[in-house]
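Read the structure below first, then the notes.
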Amino acid sequence: MSLPLRTVEVAGVYARPGVEPPLGPSRLHLQDGRIARIEPLAQLPPEARHRIALPAPCNAHDHGRGLRTLAFGACDQSLELWLPALAREPKVDPYLRAAVGFARMAEGGVALANHCHNTQDGRALLQEAEAVSRAARDVGVRIAFAVPFAGRNSVVYGPLEPLLAHLPHGDHERLRRMRQPTRTLAENLALVEAIAALEHEGFQVQYGPVGPQWVDDEAMAAIARASADSGRRVHMHLFETQRQRRWADAEYKGGLLGHLDAIGLLSPRLTLAHAVWLDEADCALLAERGVTVSANVSSNLRLRSGMPAFGRWLDAGLRFGLGLDGMSLDDDEDMLRETRLAWHQLQASDRQDRFQPAQLFQALCVDGRRSIVGEDGGGVLQTGAPADMLVLDTQQIVRDRIAPDAPELLELVLARATKAHIHQLWVRGRCIVSDAACASVDLPSLEAALLDDARARHAAEPPDAPAIARLQRALRMHLGCC
């Protein structure tokens, strides 16, 4: 179906931010999901004199949670203690859950996202995926849906018995049941094909082995083969915490990444989330294989995981994107704030002389995008490119600038821009955010409906808070956590 021609007028076009100087006053023509042409303007409408256009940001790793984790009592703490608290989340309407999560991302400037799906009901994954597919279509954010594979080491890495020694006998059987996989490998592979039937321009399927500590070797090898055969991408957590790294080093004497390479998993189709605890050899191997990683700075701070070794990544030429992980520092899903936080972390590394705004926007708009949709010519603003574009109103950003060249506008954007400055977000030629508010769906109404649903379900089926607390206390003793 042909889409109507849309035009956008701006004072500047950052076609490749940091690489090329911006174009001056311009009118961008958008048609059929692409940039039809960029026309210079001799005269700019007054309302557009502070607007600039940039390639749309991409969220390289997220979970699309409509309910923020603090809302249901999963307070920030080390990852291994935080994970049991996710059982506090009430089971809600999966469409509301996804639509609210995606609309908030859109208001934060996100045009495309890797959605690492957390199931509410392991036997209803197909129905949940259908709801996510509808939500992606309605909101307009382009979503890569990682179908979750898991099956080992639930609750704790390695044997369960040492942990059970810190728990009353009444909890033992429940935790043993948690160790039983919800679905078989064959069922998971079949679900990937069933969910792929729901694909559309804004929703495509990836394999989602949750993490090597939670997915057995047979499943990993099957996913590697299936990805090579189908061309589908793979999205996986890796080395988010030091404990995960220690487990992997003990479990795979020749090295986990060497094992994953031997079974064919390391390829340009693979994205690894977090990757905080990579060493130099890991970075070199991943870069050689064309793997992309997702840096999740806010999440790693909130869950005490550590910071990515950006210097090693840069030395190895390892490409990476930026992800919110559903855990932005201010719980505001603001991709512009997250970009600034990553920028400061990168500048604090010992490689700041080789990391300039061009590399930051490469991560945010190009490499992160590749991890979601592959190579599609996007992440730049030029004729023929996908019409995925962020338009910022810079009036407040430059309000106290004394000289027009001190500092340059792009530096001010990096230092100050937030989602409050978003004039428009365009995805495939469709304006889904206007004047800092989602224009594709009624987010306030969706949020109200989601909260009503969550509160009702929480009252009807309250979480077993004492059991969760007992498990967290046992994990502290078992892991030596403070």
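Chain labels A, B, ... are given in the sequence in which chains occur in the structure tokens; within each chain residues are numbered consecutively from 1, and ligands are likewise numbered from 1 in the order shown.
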Those in region 269-355 of chain A with strand (DSSP E or B) from DSSP, as number ranges by chain: A: 270-274, 292-295, 319-322
Taking only residues of region 346-428 of chain A that have an atom at most 9 Å from an atom of region 134-148 of chain A, what is each one's shortest atom pair and its distance in Å to one decimal, using only C-alpha atoms, in chain and number order, as a tab-separated table?
residue	atom	partner	partner_atom	distance
A:Ser371	CA	A:Ala144	CA	8.9
A:Ile372	CA	A:Ala144	CA	5.6
A:Val373	CA	A:Ala144	CA	7.2
A:Trp426	CA	A:Gly140	CA	9.0
A:Val427	CA	A:Gly140	CA	6.7
A:Arg428	CA	A:Gly140	CA	8.4
Please save N, CA and C atoms of the selected residues as a compact mmCIF listing (two decimals), in the first residue's frame.
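Okay, result-v3.txt is ready:
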# COMPACT_ATOMS: atom_id res chain seq x y z
N SER A 371 21.70 -4.58 14.63
CA SER A 371 21.38 -5.68 15.53
C SER A 371 19.89 -5.99 15.56
N ILE A 372 19.08 -5.08 15.06
CA ILE A 372 17.62 -5.25 15.09
C ILE A 372 17.09 -5.72 13.74
N VAL A 373 17.47 -5.03 12.67
CA VAL A 373 16.91 -5.33 11.35
C VAL A 373 17.94 -5.77 10.33
N TRP A 426 9.81 10.03 13.51
CA TRP A 426 9.26 9.40 12.31
C TRP A 426 9.82 7.98 12.19
N VAL A 427 8.95 7.02 11.95
CA VAL A 427 9.36 5.65 11.73
C VAL A 427 8.68 5.15 10.47
N ARG A 428 9.48 4.75 9.48
CA ARG A 428 8.96 4.31 8.18
C ARG A 428 8.01 5.35 7.58
Check region 257-454 of chain A with DSSP on the backbone and list each residue it calls helix (DSSP H, G or I), as a PyMOL selection string. chain A and resi 257-262+280-289+297-302+310-316+335-348+352-354+357-373+409-416+419-421+443-454
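Counting only C-alpha atoms and comparing A:His478, A:Arg457, A:Arg269, A:Arg16, the residue that lies closest to Met236 (chain A) is A:Arg269.
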Distance in Å - CA of Ala36 (chain A) versus CA of Pro4 (chain A):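 One can read the CA of Ala36 (chain A) to CA of Pro4 (chain A) distance as 11.6 Å.
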Can you list every residue of region 87-179 of chain A that has an atom at most 6 Å from region 330-338 of chain A, with its nearest atom pair and the distance in Å to one decimal, using only C-alpha atoms, ordered by chain then number, as JSON lines?
{"residue": "A:Met105", "atom": "CA", "partner": "A:Glu333", "partner_atom": "CA", "distance": 5.6}
{"residue": "A:Gly108", "atom": "CA", "partner": "A:Asp334", "partner_atom": "CA", "distance": 4.1}
{"residue": "A:Gly109", "atom": "CA", "partner": "A:Met335", "partner_atom": "CA", "distance": 5.8}
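Take the candidates A:Ala316, A:Leu270, A:Ile263, A:Val398 and check each one against Cys283 (chain A) using only C-alpha atoms; the shortest distance goes to A:Ala316.
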As a short mmCIF file (atom, residue, chain, number, x, y, z; two decimals) with C-alpha atoms, in the first residue's frame, please: the residues near Leu451 (chain A) (cut-off 12 Å, only C-alpha atoms, same-chain neighbours under 3 positions excluded).
data_model
loop_
_atom_site.label_atom_id
_atom_site.label_comp_id
_atom_site.auth_asym_id
_atom_site.auth_seq_id
_atom_site.Cartn_x
_atom_site.Cartn_y
_atom_site.Cartn_z
CA GLY A 66 4.92 -1.80 30.57
CA LEU A 67 5.24 -2.03 34.35
CA ARG A 68 8.49 -0.62 35.64
CA ALA A 71 6.33 -0.39 40.53
CA PHE A 72 5.87 -3.99 41.67
CA GLU A 89 5.11 -8.77 38.70
CA PRO A 90 1.38 -9.41 38.26
CA LYS A 91 0.28 -11.20 35.10
CA VAL A 92 -1.43 -8.54 33.01
CA ASP A 93 -2.94 -8.15 29.56
CA LEU A 96 -1.26 -3.44 27.37
CA ARG A 97 2.10 -4.53 28.75
CA VAL A 100 2.77 0.88 27.11
CA PRO A 444 -2.18 7.95 29.16
CA SER A 445 -5.28 5.81 28.60
CA LEU A 446 -3.18 2.69 28.00
CA GLU A 447 -1.16 3.38 31.16
CA ALA A 448 -4.33 3.82 33.20
CA ALA A 454 -2.14 -4.80 37.43
CA ARG A 455 -3.70 -3.65 40.69
CA ALA A 456 -6.72 -5.90 40.25
CA ARG A 457 -4.60 -8.94 39.45
CA HIS A 458 -2.19 -8.19 42.27
#
Record the distance separating CA of Arg340 (chain A) and CA of Gly378 (chain A), expressed in Å with one decimal.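 That distance, rounded to one decimal, is 21.9 Å.
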Check the smallest atom-to-atom distance from each of A:Gln359, A:Asn118, A:Ser133, A:Thr241 to Ala196 (chain A) using only C-alpha atoms, then report the winner.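 Closest to Ala196 (chain A) of all the choices is A:Ser133.
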Would you mind listing what lies within 10 Å of His237 (chain A) as a PyMOL selection string, with only C-alpha atoms counted and same-chain residues fewer than 2 positions away left out? chain A and resi 61+116+208-214+235+239-240+271-275+293-294
Between CA of Ala129 (chain A) and CA of Ala56 (chain A) - distance in Å to one decimal: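 Going from CA of Ala56 (chain A) over to CA of Ala129 (chain A), I get 25.0 Å.
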Would you give me, as JSON lines, each residue of region 440-478 of chain A having an atom within 12 Å of an atom of region 152-161 of chain A, along with its shortest atom pair and that distance in Å to one decimal, using only C-alpha atoms and sorting by chain and residue number?
{"residue": "A:Ile468", "atom": "CA", "partner": "A:Val155", "partner_atom": "CA", "distance": 11.2}
{"residue": "A:Leu471", "atom": "CA", "partner": "A:Val155", "partner_atom": "CA", "distance": 8.9}
{"residue": "A:Gln472", "atom": "CA", "partner": "A:Val155", "partner_atom": "CA", "distance": 10.1}
{"residue": "A:Ala474", "atom": "CA", "partner": "A:Val156", "partner_atom": "CA", "distance": 10.6}
{"residue": "A:Leu475", "atom": "CA", "partner": "A:Val156", "partner_atom": "CA", "distance": 8.0}
{"residue": "A:Arg476", "atom": "CA", "partner": "A:Val156", "partner_atom": "CA", "distance": 11.3}
{"residue": "A:His478", "atom": "CA", "partner": "A:Val156", "partner_atom": "CA", "distance": 9.4}
